[in-house]
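Structure below is work-v8.tsv: TSV, C-alpha atoms (C1' of nucleotides).
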chain	number	residue	atom	x	y	z
A	244	MET	CA	-51.25	39.92	-97.27
A	245	GLU	CA	-53.03	43.27	-97.16
A	246	GLU	CA	-54.11	45.26	-94.14
A	247	THR	CA	-50.46	46.18	-93.89
A	248	SER	CA	-50.89	49.90	-93.39
A	249	SER	CA	-53.23	49.48	-90.45
A	250	HIS	CA	-50.75	47.06	-88.91
A	251	SER	CA	-47.99	49.58	-89.33
A	252	GLU	CA	-50.06	52.13	-87.52
A	253	GLN	CA	-50.74	49.78	-84.67
A	254	LEU	CA	-47.07	48.98	-84.30
A	255	ARG	CA	-46.12	52.64	-84.43
A	256	LEU	CA	-48.71	53.45	-81.78
A	257	HIS	CA	-47.15	50.93	-79.46
A	258	GLY	CA	-43.65	52.22	-80.04
A	259	GLN	CA	-42.52	49.14	-81.90
A	260	LYS	CA	-40.38	49.31	-84.97
A	261	ILE	CA	-41.99	48.35	-88.22
A	262	THR	CA	-40.14	45.35	-89.56
A	263	LYS	CA	-40.92	42.85	-92.30
A	264	GLN	CA	-41.06	40.17	-89.64
A	265	ARG	CA	-43.63	41.93	-87.49
A	266	LEU	CA	-45.83	42.80	-90.41
A	267	GLY	CA	-45.53	39.22	-91.60
A	268	ILE	CA	-46.67	37.79	-88.28
A	269	LEU	CA	-49.64	40.12	-88.11
A	270	ALA	CA	-50.59	39.39	-91.72
A	271	VAL	CA	-50.52	35.65	-91.13
A	272	LEU	CA	-52.65	35.96	-88.01
A	273	GLU	CA	-55.03	38.26	-89.81
A	274	ALA	CA	-55.48	35.76	-92.63
A	275	ALA	CA	-55.88	32.75	-90.36
A	276	ALA	CA	-59.31	31.24	-89.76
A	277	THR	CA	-58.10	29.61	-86.56
A	278	PRO	CA	-55.66	30.50	-83.78
A	279	LEU	CA	-52.09	29.53	-84.62
A	280	THR	CA	-49.08	28.35	-82.64
A	281	ALA	CA	-45.70	30.03	-82.95
A	282	GLN	CA	-44.58	27.14	-85.09
A	283	ASP	CA	-47.60	27.43	-87.38
A	284	ILE	CA	-46.72	31.04	-88.01
A	285	HIS	CA	-43.07	30.27	-88.56
A	286	LEU	CA	-43.93	27.53	-91.04
A	287	ARG	CA	-46.42	29.63	-92.99
A	288	LEU	CA	-44.06	32.56	-93.31
A	289	ASN	CA	-41.25	30.36	-94.51
A	290	LEU	CA	-43.51	28.65	-97.04
A	291	ASP	CA	-44.44	32.13	-98.28
A	292	GLN	CA	-40.78	32.71	-99.18
A	293	PHE	CA	-40.61	34.85	-96.10
A	294	PRO	CA	-37.63	33.70	-94.05
A	295	ILE	CA	-38.00	34.43	-90.35
A	296	SER	CA	-36.41	32.86	-87.33
A	297	LEU	CA	-38.52	30.96	-84.85
A	298	SER	CA	-37.13	32.91	-81.93
A	299	THR	CA	-38.17	36.12	-83.61
A	300	VAL	CA	-41.67	34.76	-83.85
A	301	TYR	CA	-41.70	33.94	-80.15
A	302	ARG	CA	-40.24	37.27	-79.13
A	303	ASN	CA	-42.74	39.19	-81.15
A	304	LEU	CA	-45.71	37.18	-80.00
A	305	ASP	CA	-44.74	37.95	-76.41
A	306	ARG	CA	-44.39	41.60	-77.17
A	307	MET	CA	-47.64	41.80	-79.13
A	308	LEU	CA	-49.43	39.99	-76.37
A	309	ALA	CA	-48.17	42.50	-73.84
A	310	GLU	CA	-49.27	45.33	-76.12
A	311	GLU	CA	-52.60	43.58	-76.58
A	312	LEU	CA	-52.43	43.44	-80.34
A	313	ILE	CA	-53.13	39.72	-80.13
A	314	VAL	CA	-54.65	37.24	-77.67
A	315	LYS	CA	-53.92	33.72	-76.50
A	316	GLN	CA	-56.69	31.33	-77.34
A	317	GLY	CA	-57.50	27.66	-77.18
A	318	PHE	CA	-58.02	25.41	-74.23
A	319	TYR	CA	-57.62	22.23	-76.16
A	320	ASN	CA	-53.95	22.38	-76.78
A	321	ASP	CA	-50.94	22.37	-74.56
A	322	LYS	CA	-49.05	24.62	-76.93
A	323	CYS	CA	-50.01	28.28	-76.88
A	324	GLN	CA	-52.16	29.51	-79.71
A	325	TYR	CA	-52.45	33.10	-80.79
A	326	ALA	CA	-54.96	35.16	-82.72
A	327	ILE	CA	-55.46	38.78	-83.72
A	328	LYS	CA	-57.35	40.69	-81.07
A	329	ARG	CA	-60.42	41.97	-82.82
A	330	SER	CA	-62.23	43.75	-80.03
A	331	GLU	CA	-61.84	44.80	-76.44
A	332	HIS	CA	-63.55	41.87	-74.81
A	333	GLU	CA	-64.17	38.77	-76.79
A	334	HIS	CA	-65.26	35.19	-76.53
A	335	SER	CA	-65.15	32.37	-79.03
A	336	LEU	CA	-67.20	29.52	-80.32
A	337	ILE	CA	-64.90	26.90	-81.75
A	338	CYS	CA	-65.66	23.99	-84.05
A	339	LEU	CA	-64.06	20.84	-82.68
A	340	ALA	CA	-63.87	19.33	-86.15
A	341	CYS	CA	-62.49	22.08	-88.38
A	342	ARG	CA	-61.20	24.45	-85.66
A	343	LYS	CA	-63.01	27.39	-87.19
A	344	VAL	CA	-63.57	30.18	-84.68
A	345	VAL	CA	-66.66	32.36	-84.46
A	346	THR	CA	-66.25	35.46	-82.37
A	347	ILE	CA	-69.11	36.16	-80.01
A	348	ASP	CA	-70.03	39.79	-79.52
A	349	GLU	CA	-72.25	39.72	-76.51
A	350	CYS	CA	-71.13	38.54	-73.10
A	351	PRO	CA	-73.61	36.94	-70.72
A	352	LEU	CA	-71.26	37.17	-67.78
A	353	GLU	CA	-71.25	40.84	-66.86
A	354	GLN	CA	-74.21	40.75	-64.51
A	355	PHE	CA	-73.43	37.25	-63.29
A	356	SER	CA	-69.91	38.27	-62.51
A	357	ARG	CA	-70.97	41.30	-60.47
A	358	ASP	CA	-73.45	39.25	-58.42
A	359	LEU	CA	-70.99	36.45	-57.82
A	360	GLY	CA	-68.29	38.87	-56.73
A	361	ARG	CA	-70.60	40.44	-54.20
A	362	ARG	CA	-71.73	37.09	-52.87
A	363	GLU	CA	-68.21	35.63	-52.54
A	364	GLY	CA	-66.43	38.75	-51.41
A	365	PHE	CA	-64.29	38.84	-54.53
A	366	GLU	CA	-63.20	41.77	-56.60
A	367	ILE	CA	-63.63	40.08	-59.97
A	368	THR	CA	-61.43	41.61	-62.61
A	369	GLU	CA	-61.90	39.39	-65.60
A	370	HIS	CA	-63.04	36.09	-66.99
A	371	HIS	CA	-62.39	33.64	-69.75
A	372	MET	CA	-65.04	31.77	-71.64
A	373	GLU	CA	-64.93	29.55	-74.70
A	374	LEU	CA	-67.66	27.41	-76.20
A	375	TYR	CA	-67.06	24.26	-78.21
A	376	GLY	CA	-69.15	22.29	-80.63
A	377	TYR	CA	-69.61	21.39	-84.27
A	378	CYS	CA	-70.43	23.84	-87.02
A	379	ARG	CA	-73.15	23.42	-89.62
A	380	GLU	CA	-70.73	22.43	-92.36
A	381	CYS	CA	-68.94	19.80	-90.32
A	382	ILE	CA	-72.21	18.33	-89.11
A	383	ARG	CA	-73.36	18.02	-92.71
A	384	LYS	CA	-70.05	16.85	-94.19
A	385	GLU	CA	-69.02	14.44	-91.54
A	386	GLY	CA	-72.38	13.37	-90.23
A	387	ILE	CA	-71.39	14.36	-86.74
A	388	VAL	CA	-74.19	13.74	-84.33
A	389	ASN	CA	-73.26	13.12	-80.78
A	390	HIS	CA	-69.56	13.49	-80.27
A	391	ALA	CA	-68.32	13.37	-76.75
A	392	PRO	CA	-65.26	15.63	-76.81
A	393	LYS	CA	-61.96	14.29	-75.58
A	394	ASN	CA	-59.57	15.58	-73.00
A	395	PRO	CA	-60.06	19.31	-72.58
B	121	MET	CA	-54.27	11.45	-46.21
B	122	GLU	CA	-57.77	10.04	-45.72
B	123	GLU	CA	-60.50	9.48	-48.27
B	124	THR	CA	-58.40	6.54	-49.37
B	125	SER	CA	-61.14	3.96	-49.55
B	126	SER	CA	-63.29	6.08	-51.83
B	127	HIS	CA	-60.27	6.63	-54.05
B	128	SER	CA	-59.66	2.91	-54.18
B	129	GLU	CA	-63.22	2.40	-55.29
B	130	GLN	CA	-62.89	4.98	-58.04
B	131	LEU	CA	-59.72	3.39	-59.31
B	132	ARG	CA	-61.26	-0.07	-59.24
B	133	LEU	CA	-64.30	1.19	-61.12
B	134	HIS	CA	-62.08	2.46	-63.89
B	135	GLY	CA	-60.12	-0.76	-64.12
B	136	GLN	CA	-56.96	0.77	-62.74
B	137	LYS	CA	-54.79	-1.05	-60.27
B	138	ILE	CA	-54.64	0.31	-56.79
B	139	THR	CA	-51.07	1.37	-56.12
B	140	LYS	CA	-49.51	3.50	-53.39
B	141	GLN	CA	-48.54	5.97	-56.09
B	142	ARG	CA	-52.05	6.41	-57.43
B	143	LEU	CA	-53.59	6.76	-54.03
B	144	GLY	CA	-50.87	9.26	-53.14
B	145	ILE	CA	-51.58	11.43	-56.15
B	146	LEU	CA	-55.30	11.46	-55.47
B	147	ALA	CA	-54.75	12.21	-51.77
B	148	VAL	CA	-52.50	15.16	-52.57
B	149	LEU	CA	-54.97	16.58	-55.05
B	150	GLU	CA	-57.81	16.05	-52.60
B	151	ALA	CA	-55.95	17.96	-49.90
B	152	ALA	CA	-54.88	20.83	-52.18
B	153	ALA	CA	-56.59	24.20	-52.01
B	154	THR	CA	-55.37	25.09	-55.47
B	155	PRO	CA	-54.75	23.18	-58.70
B	156	LEU	CA	-51.29	21.62	-58.82
B	157	THR	CA	-48.75	20.91	-61.51
B	158	ALA	CA	-47.20	17.48	-61.97
B	159	GLN	CA	-44.08	18.80	-60.31
B	160	ASP	CA	-46.00	20.17	-57.33
B	161	ILE	CA	-47.47	16.74	-56.77
B	162	HIS	CA	-44.12	15.04	-57.15
B	163	LEU	CA	-42.52	17.40	-54.68
B	164	ARG	CA	-45.24	17.08	-52.08
B	165	LEU	CA	-45.24	13.32	-52.19
B	166	ASN	CA	-41.50	13.16	-51.83
B	167	LEU	CA	-41.56	15.59	-48.92
B	168	ASP	CA	-44.14	13.30	-47.31
B	169	GLN	CA	-41.55	10.52	-47.33
B	170	PHE	CA	-43.45	9.09	-50.24
B	171	PRO	CA	-40.96	8.41	-53.01
B	172	ILE	CA	-42.53	8.47	-56.45
B	173	SER	CA	-41.04	9.04	-59.85
B	174	LEU	CA	-41.97	12.10	-61.85
B	175	SER	CA	-42.80	10.05	-64.91
B	176	THR	CA	-45.21	8.00	-62.86
B	177	VAL	CA	-46.93	11.21	-61.84
B	178	TYR	CA	-47.26	12.27	-65.46
B	179	ARG	CA	-48.46	8.90	-66.62
B	180	ASN	CA	-51.09	8.70	-63.94
B	181	LEU	CA	-52.32	12.24	-64.45
B	182	ASP	CA	-52.89	11.45	-68.11
B	183	ARG	CA	-54.73	8.31	-67.25
B	184	MET	CA	-56.86	9.92	-64.57
B	185	LEU	CA	-57.70	12.77	-66.91
B	186	ALA	CA	-58.87	10.32	-69.54
B	187	GLU	CA	-60.96	8.53	-66.92
B	188	GLU	CA	-62.25	11.87	-65.72
B	189	LEU	CA	-61.18	11.46	-62.13
B	190	ILE	CA	-59.44	14.83	-62.36
B	191	VAL	CA	-59.59	17.96	-64.51
B	192	LYS	CA	-57.12	20.40	-66.02
B	193	GLN	CA	-57.49	23.88	-64.67
B	194	GLY	CA	-55.83	27.24	-64.90
B	195	PHE	CA	-55.44	29.57	-67.82
B	196	TYR	CA	-52.74	31.65	-66.30
B	197	ASN	CA	-49.96	29.21	-66.47
B	198	ASP	CA	-48.22	27.54	-69.35
B	199	LYS	CA	-47.67	24.41	-67.32
B	200	CYS	CA	-50.69	22.19	-66.88
B	201	GLN	CA	-52.42	22.25	-63.54
B	202	TYR	CA	-54.64	19.49	-62.24
B	203	ALA	CA	-57.38	19.21	-59.65
B	204	ILE	CA	-59.80	16.58	-58.36
B	205	LYS	CA	-63.00	16.59	-60.35
B	206	ARG	CA	-65.68	17.29	-57.80
B	207	SER	CA	-68.80	17.38	-59.93
B	208	GLU	CA	-70.03	16.78	-63.43
B	209	HIS	CA	-69.89	20.34	-64.64
B	210	GLU	CA	-67.94	22.93	-62.78
B	211	HIS	CA	-66.54	26.42	-63.02
B	212	SER	CA	-64.05	28.27	-60.88
B	213	LEU	CA	-63.41	31.65	-59.41
B	214	ILE	CA	-59.70	32.06	-58.82
B	215	CYS	CA	-57.83	34.54	-56.66
B	216	LEU	CA	-54.99	36.06	-58.65
B	217	ALA	CA	-53.02	36.76	-55.47
B	218	CYS	CA	-53.24	33.55	-53.42
B	219	ARG	CA	-54.48	31.20	-56.15
B	220	LYS	CA	-57.33	29.98	-53.97
B	221	VAL	CA	-60.12	28.43	-56.02
B	222	VAL	CA	-63.82	28.77	-55.28
B	223	THR	CA	-66.01	26.32	-57.15
B	224	ILE	CA	-69.12	27.85	-58.64
B	225	ASP	CA	-72.22	25.72	-58.56
B	226	GLU	CA	-74.53	27.47	-60.91
B	227	CYS	CA	-73.82	27.98	-64.59
B	228	PRO	CA	-75.19	31.03	-66.41
B	229	LEU	CA	-74.36	29.61	-69.81
B	230	GLU	CA	-76.94	26.88	-70.36
B	231	GLN	CA	-79.62	29.05	-71.91
B	232	PHE	CA	-77.10	31.35	-73.60
B	233	SER	CA	-75.39	28.38	-75.13
B	234	ARG	CA	-78.60	26.94	-76.55
B	235	ASP	CA	-79.59	30.27	-78.11
B	236	LEU	CA	-76.17	30.87	-79.54
B	237	GLY	CA	-76.02	27.40	-81.03
B	238	ARG	CA	-79.35	27.90	-82.75
B	239	ARG	CA	-78.33	31.29	-84.09
B	240	GLU	CA	-74.93	30.19	-85.40
B	241	GLY	CA	-75.92	26.75	-86.63
B	242	PHE	CA	-73.63	25.04	-84.16
B	243	GLU	CA	-74.21	21.92	-82.15
B	244	ILE	CA	-72.60	23.19	-78.95
B	245	THR	CA	-71.31	20.36	-76.81
B	246	GLU	CA	-69.50	22.11	-74.00
B	247	HIS	CA	-67.87	25.22	-72.71
B	248	HIS	CA	-65.14	26.44	-70.42
B	249	MET	CA	-65.41	29.39	-68.11
B	250	GLU	CA	-63.17	30.72	-65.38
B	251	LEU	CA	-63.41	33.97	-63.45
B	252	TYR	CA	-60.46	35.81	-61.94
B	253	GLY	CA	-60.12	38.41	-59.26
B	254	TYR	CA	-58.98	39.04	-55.71
B	255	CYS	CA	-60.49	37.44	-52.63
B	256	ARG	CA	-61.57	39.26	-49.49
B	257	GLU	CA	-58.49	38.21	-47.53
B	258	CYS	CA	-56.00	39.27	-50.17
B	259	ILE	CA	-57.75	42.58	-50.66
B	260	ARG	CA	-57.49	43.21	-46.93
B	261	LYS	CA	-53.98	41.86	-46.42
B	262	GLU	CA	-52.33	43.30	-49.44
B	263	GLY	CA	-54.44	46.37	-49.98
B	264	ILE	CA	-55.18	45.33	-53.51
B	265	VAL	CA	-57.44	47.80	-55.20
B	266	ASN	CA	-57.27	48.03	-58.90
B	267	HIS	CA	-54.95	45.45	-60.32
B	268	ALA	CA	-54.89	45.06	-64.03
B	269	PRO	CA	-53.99	41.42	-64.51
B	270	LYS	CA	-51.04	40.50	-66.67
B	271	ASN	CA	-50.75	38.25	-69.63
B	272	PRO	CA	-53.53	35.68	-69.53
C	202	DA	C1'	-25.54	60.18	-94.45
C	203	DT	C1'	-24.79	58.78	-89.57
C	204	DA	C1'	-25.42	57.16	-85.04
C	205	DT	C1'	-27.70	54.25	-82.02
C	206	DA	C1'	-30.93	51.62	-79.80
C	207	DA	C1'	-33.89	48.07	-81.08
C	208	DA	C1'	-34.65	43.90	-83.70
C	209	DT	C1'	-32.98	39.79	-85.83
C	210	DG	C1'	-30.82	35.17	-86.58
C	211	DC	C1'	-28.36	31.54	-84.96
C	212	DG	C1'	-27.27	28.02	-81.91
C	213	DA	C1'	-27.10	26.57	-77.40
C	214	DA	C1'	-29.64	26.19	-72.98
C	215	DT	C1'	-33.70	25.28	-70.35
C	216	DG	C1'	-37.65	23.10	-68.61
C	217	DA	C1'	-41.74	20.42	-69.08
C	218	DT	C1'	-43.35	16.25	-70.77
C	219	DT	C1'	-42.78	11.60	-73.05
C	220	DT	C1'	-40.71	7.25	-74.01
C	221	DG	C1'	-37.97	2.74	-73.93
C	222	DC	C1'	-36.77	-0.77	-71.25
C	223	DA	C1'	-35.56	-3.56	-67.35
C	224	DT	C1'	-37.59	-4.45	-62.85
C	225	DT	C1'	-41.33	-4.68	-59.57
C	226	DT	C1'	-46.00	-5.25	-58.03
C	227	DG	C1'	-51.11	-5.93	-57.85
C	228	DC	C1'	-54.17	-9.32	-58.18
C	229	DA	C1'	-56.46	-13.35	-60.16
C	230	DT	C1'	-55.75	-18.26	-60.06
C	231	DT	C1'	-54.30	-22.36	-58.23
D	230	DA	C1'	-49.63	-19.27	-49.29
D	231	DA	C1'	-47.24	-19.88	-53.91
D	232	DT	C1'	-47.44	-18.83	-59.11
D	233	DG	C1'	-48.04	-16.31	-63.39
D	234	DC	C1'	-48.67	-12.44	-66.00
D	235	DA	C1'	-50.19	-8.10	-67.47
D	236	DA	C1'	-49.98	-3.65	-65.72
D	237	DA	C1'	-47.36	-0.24	-63.23
D	238	DT	C1'	-43.06	1.72	-61.82
D	239	DG	C1'	-38.37	3.88	-61.86
D	240	DC	C1'	-34.68	5.50	-64.23
D	241	DA	C1'	-32.26	7.59	-67.84
D	242	DA	C1'	-32.42	9.18	-72.29
D	243	DA	C1'	-35.13	11.50	-75.80
D	244	DT	C1'	-38.30	15.00	-77.42
D	245	DC	C1'	-40.51	19.23	-77.98
D	246	DA	C1'	-41.79	23.96	-77.03
D	247	DT	C1'	-39.90	27.97	-75.44
D	248	DT	C1'	-36.10	31.15	-73.84
D	249	DC	C1'	-31.53	33.21	-73.86
D	250	DG	C1'	-26.79	35.04	-75.12
D	251	DC	C1'	-24.43	37.28	-78.38
D	252	DA	C1'	-22.75	38.90	-82.77
D	253	DT	C1'	-24.83	41.16	-86.78
D	254	DT	C1'	-28.32	43.82	-89.14
D	255	DT	C1'	-31.86	47.34	-89.58
D	256	DA	C1'	-35.37	51.09	-88.66
D	257	DT	C1'	-35.62	55.52	-87.53
D	258	DA	C1'	-34.37	60.01	-85.36
D	259	DT	C1'	-30.73	63.42	-86.13
Would you write out, as structure tokens, the structure that this file holds?
Amino acid sequence: MEETSSHSEQLRLHGQKITKQRLGILAVLEAAATPLTAQDIHLRLNLDQFPISLSTVYRNLDRMLAEELIVKQGFYNDKCQYAIKRSEHEHSLICLACRKVVTIDECPLEQFSRDLGRREGFEITEHHMELYGYCRECIRKEGIVNHAPKNP
Amino acid sequence: MEETSSHSEQLRLHGQKITKQRLGILAVLEAAATPLTAQDIHLRLNLDQFPISLSTVYRNLDRMLAEELIVKQGFYNDKCQYAIKRSEHEHSLICLACRKVVTIDECPLEQFSRDLGRREGFEITEHHMELYGYCRECIRKEGIVNHAPKNP
DNA sequence: ATATAAATGCGAATGATTTGCATTTGCATT
DNA sequence: AATGCAAATGCAAATCATTCGCATTTATAT
């Protein structure tokens, strides 16, 4: 749980009060290797001797989402998953075995998106893209070779 | 409500019984211009004098998803939305105003995905991509110019 | 130190999805 | 066409994530 001062700044910038709960949520998301659900966050904070109510978690996730401090991520789950927003426009590569997320810097869709918009008569304002597979470690550890992924 | 015989074939192929309810669900999805929720489907069938229970809709959507007769679609909604699967690999361009869906044939991610996998040491098995914007008609009708989309 | 709006916690409400179980139905077999 | 049986259905109850109302607490500007 570091990074606290920069989180405080962010909150202040967005006109939100700086509370233990908000800093806690941001710290947990910051430390997480994978996107988390509201319940994941609630559980981790409470395990850390950091009592917080589940509805406070939900309320703050909504607010932080609106303020774009965090993003929703994860196609594979019917529950919403959240992660710290690390850059303006980002895409992910996600390991289907360990759920690790690699953030992809470049975006191959800018040009494509412009062309497609012109062709279809659309004003395209944004896109979502996520890639899925198995990371080096999981391939080695679990001998994964040719998994067909289940139910997106 | 046509296309019934081809639906029957599909069901038979997947070892599912051919029931009025299943054919109804597939017919509704076939006729829909946009992805539908379970409740949308339930409502439409009942309006069509086609009584069906909501749990039957849910059960069949799950089954059809597993058999890959249909796909889940739609980032913008916390409820699941379903659509007929029209081809092996498909992407969508979705109008944020009228929800119309245009299916995109080509995929700009094949090469990108191979390169990225090599670079990151991932075995990439699949990806998701959806584009969002405003269609010609909605731009004209509603004078949409520069909408920033809300909460993905 | 004080006032006050914003944030929190709690429990109850909501809404989507799932499940248990009795009944019905598709379909293979006589 | 009649029979048997597993699979499918309908219904109501259960579950699970998420939201809401309201009384209490807290961060911050004064």
As an exercise, work out the distance from CA of Leu288 (chain A) to CA of Tyr301 (chain A) in Å and give it to one decimal place. 13.4 Å
Could you list, as a list of chain:residue names, every residue of chain D that has an atom within 12 Å of an atom of chain B, counting all atoms listed in the file?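 The answer, sorted by residue number, is D:DA235, D:DA236, D:DA237, D:DT238, D:DG239, D:DC240, D:DA241, D:DA246, D:DT247.
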What is the distance, in Å and to one decimal place, between C1' of DT244 (chain D) and C1' of DT220 (chain C)? 8.8 Å
Which one of A:Asp321, A:Glu311, A:Glu331, A:Glu366 sits closest to chain C if you count all atoms listed in the file?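 Of the candidates, the smallest distance to chain C is held by A:Asp321.
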Proximity check chain C to chain A, 10 Å, nearest pairs one decimal Å, only C-alpha atoms (C1' of nucleotides), as JSON lines:
{"residue": "C:DA207", "atom": "C1'", "partner": "A:Lys260", "partner_atom": "CA", "distance": 7.7}
{"residue": "C:DA208", "atom": "C1'", "partner": "A:Lys260", "partner_atom": "CA", "distance": 8.0}
{"residue": "C:DT209", "atom": "C1'", "partner": "A:Thr299", "partner_atom": "CA", "distance": 6.7}
{"residue": "C:DG210", "atom": "C1'", "partner": "A:Ser296", "partner_atom": "CA", "distance": 6.1}
{"residue": "C:DC211", "atom": "C1'", "partner": "A:Ser296", "partner_atom": "CA", "distance": 8.5}
May I have the residues of chain A within 7 Å of chain B, counting all atoms listed in the file, written as a list in words?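 Listed by rising number, the hits are Ala309, Gly364, Phe365, Glu366, Ile367, Thr368, Glu369, His370, His371, Met372, Glu373, Leu374, Tyr375, Gly376, Tyr377, Cys378, Arg379 and Asn394 of chain A.
What separates CA of Glu262 (chain B) from CA of Ala217 (chain B) is a distance of 8.9 Å.
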Generate the coordinates of N, CA and C atoms for region 273-290 of chain A; report them as a PDB file, in the frame of the given file.
ATOM      1  N   GLU A 273     -53.845  37.636 -89.239  1.00  0.00           N
ATOM      2  CA  GLU A 273     -55.030  38.260 -89.810  1.00  0.00           C
ATOM      3  C   GLU A 273     -55.718  37.317 -90.799  1.00  0.00           C
ATOM      4  N   ALA A 274     -54.914  36.624 -91.582  1.00  0.00           N
ATOM      5  CA  ALA A 274     -55.480  35.760 -92.630  1.00  0.00           C
ATOM      6  C   ALA A 274     -55.980  34.429 -92.089  1.00  0.00           C
ATOM      7  N   ALA A 275     -55.572  34.090 -90.870  1.00  0.00           N
ATOM      8  CA  ALA A 275     -55.880  32.750 -90.360  1.00  0.00           C
ATOM      9  C   ALA A 275     -57.335  32.629 -89.906  1.00  0.00           C
ATOM     10  N   ALA A 276     -57.932  31.491 -90.204  1.00  0.00           N
ATOM     11  CA  ALA A 276     -59.310  31.240 -89.760  1.00  0.00           C
ATOM     12  C   ALA A 276     -59.331  30.676 -88.347  1.00  0.00           C
ATOM     13  N   THR A 277     -58.181  30.204 -87.892  1.00  0.00           N
ATOM     14  CA  THR A 277     -58.100  29.610 -86.560  1.00  0.00           C
ATOM     15  C   THR A 277     -56.891  30.179 -85.834  1.00  0.00           C
ATOM     16  N   PRO A 278     -56.850  30.062 -84.513  1.00  0.00           N
ATOM     17  CA  PRO A 278     -55.660  30.500 -83.780  1.00  0.00           C
ATOM     18  C   PRO A 278     -54.470  29.639 -84.198  1.00  0.00           C
ATOM     19  N   LEU A 279     -53.289  30.236 -84.168  1.00  0.00           N
ATOM     20  CA  LEU A 279     -52.090  29.530 -84.620  1.00  0.00           C
ATOM     21  C   LEU A 279     -51.045  29.466 -83.512  1.00  0.00           C
ATOM     22  N   THR A 280     -50.230  28.428 -83.545  1.00  0.00           N
ATOM     23  CA  THR A 280     -49.080  28.350 -82.640  1.00  0.00           C
ATOM     24  C   THR A 280     -47.912  29.113 -83.265  1.00  0.00           C
ATOM     25  N   ALA A 281     -46.896  29.355 -82.442  1.00  0.00           N
ATOM     26  CA  ALA A 281     -45.700  30.030 -82.950  1.00  0.00           C
ATOM     27  C   ALA A 281     -45.131  29.259 -84.135  1.00  0.00           C
ATOM     28  N   GLN A 282     -45.145  27.965 -84.034  1.00  0.00           N
ATOM     29  CA  GLN A 282     -44.580  27.140 -85.090  1.00  0.00           C
ATOM     30  C   GLN A 282     -45.413  27.201 -86.371  1.00  0.00           C
ATOM     31  N   ASP A 283     -46.730  27.244 -86.218  1.00  0.00           N
ATOM     32  CA  ASP A 283     -47.600  27.430 -87.380  1.00  0.00           C
ATOM     33  C   ASP A 283     -47.209  28.688 -88.139  1.00  0.00           C
ATOM     34  N   ILE A 284     -47.029  29.747 -87.401  1.00  0.00           N
ATOM     35  CA  ILE A 284     -46.720  31.040 -88.010  1.00  0.00           C
ATOM     36  C   ILE A 284     -45.373  30.985 -88.711  1.00  0.00           C
ATOM     37  N   HIS A 285     -44.410  30.420 -88.006  1.00  0.00           N
ATOM     38  CA  HIS A 285     -43.070  30.270 -88.560  1.00  0.00           C
ATOM     39  C   HIS A 285     -43.117  29.486 -89.874  1.00  0.00           C
ATOM     40  N   LEU A 286     -43.828  28.389 -89.852  1.00  0.00           N
ATOM     41  CA  LEU A 286     -43.930  27.530 -91.040  1.00  0.00           C
ATOM     42  C   LEU A 286     -44.592  28.280 -92.188  1.00  0.00           C
ATOM     43  N   ARG A 287     -45.700  28.945 -91.910  1.00  0.00           N
ATOM     44  CA  ARG A 287     -46.420  29.630 -92.990  1.00  0.00           C
ATOM     45  C   ARG A 287     -45.588  30.734 -93.605  1.00  0.00           C
ATOM     46  N   LEU A 288     -44.880  31.480 -92.769  1.00  0.00           N
ATOM     47  CA  LEU A 288     -44.060  32.560 -93.310  1.00  0.00           C
ATOM     48  C   LEU A 288     -42.952  31.992 -94.178  1.00  0.00           C
ATOM     49  N   ASN A 289     -42.342  30.913 -93.721  1.00  0.00           N
ATOM     50  CA  ASN A 289     -41.250  30.360 -94.510  1.00  0.00           C
ATOM     51  C   ASN A 289     -41.745  29.748 -95.813  1.00  0.00           C
ATOM     52  N   LEU A 290     -42.924  29.166 -95.797  1.00  0.00           N
ATOM     53  CA  LEU A 290     -43.510  28.650 -97.040  1.00  0.00           C
ATOM     54  C   LEU A 290     -43.800  29.788 -98.010  1.00  0.00           C
TER      55      LEU A 290
END
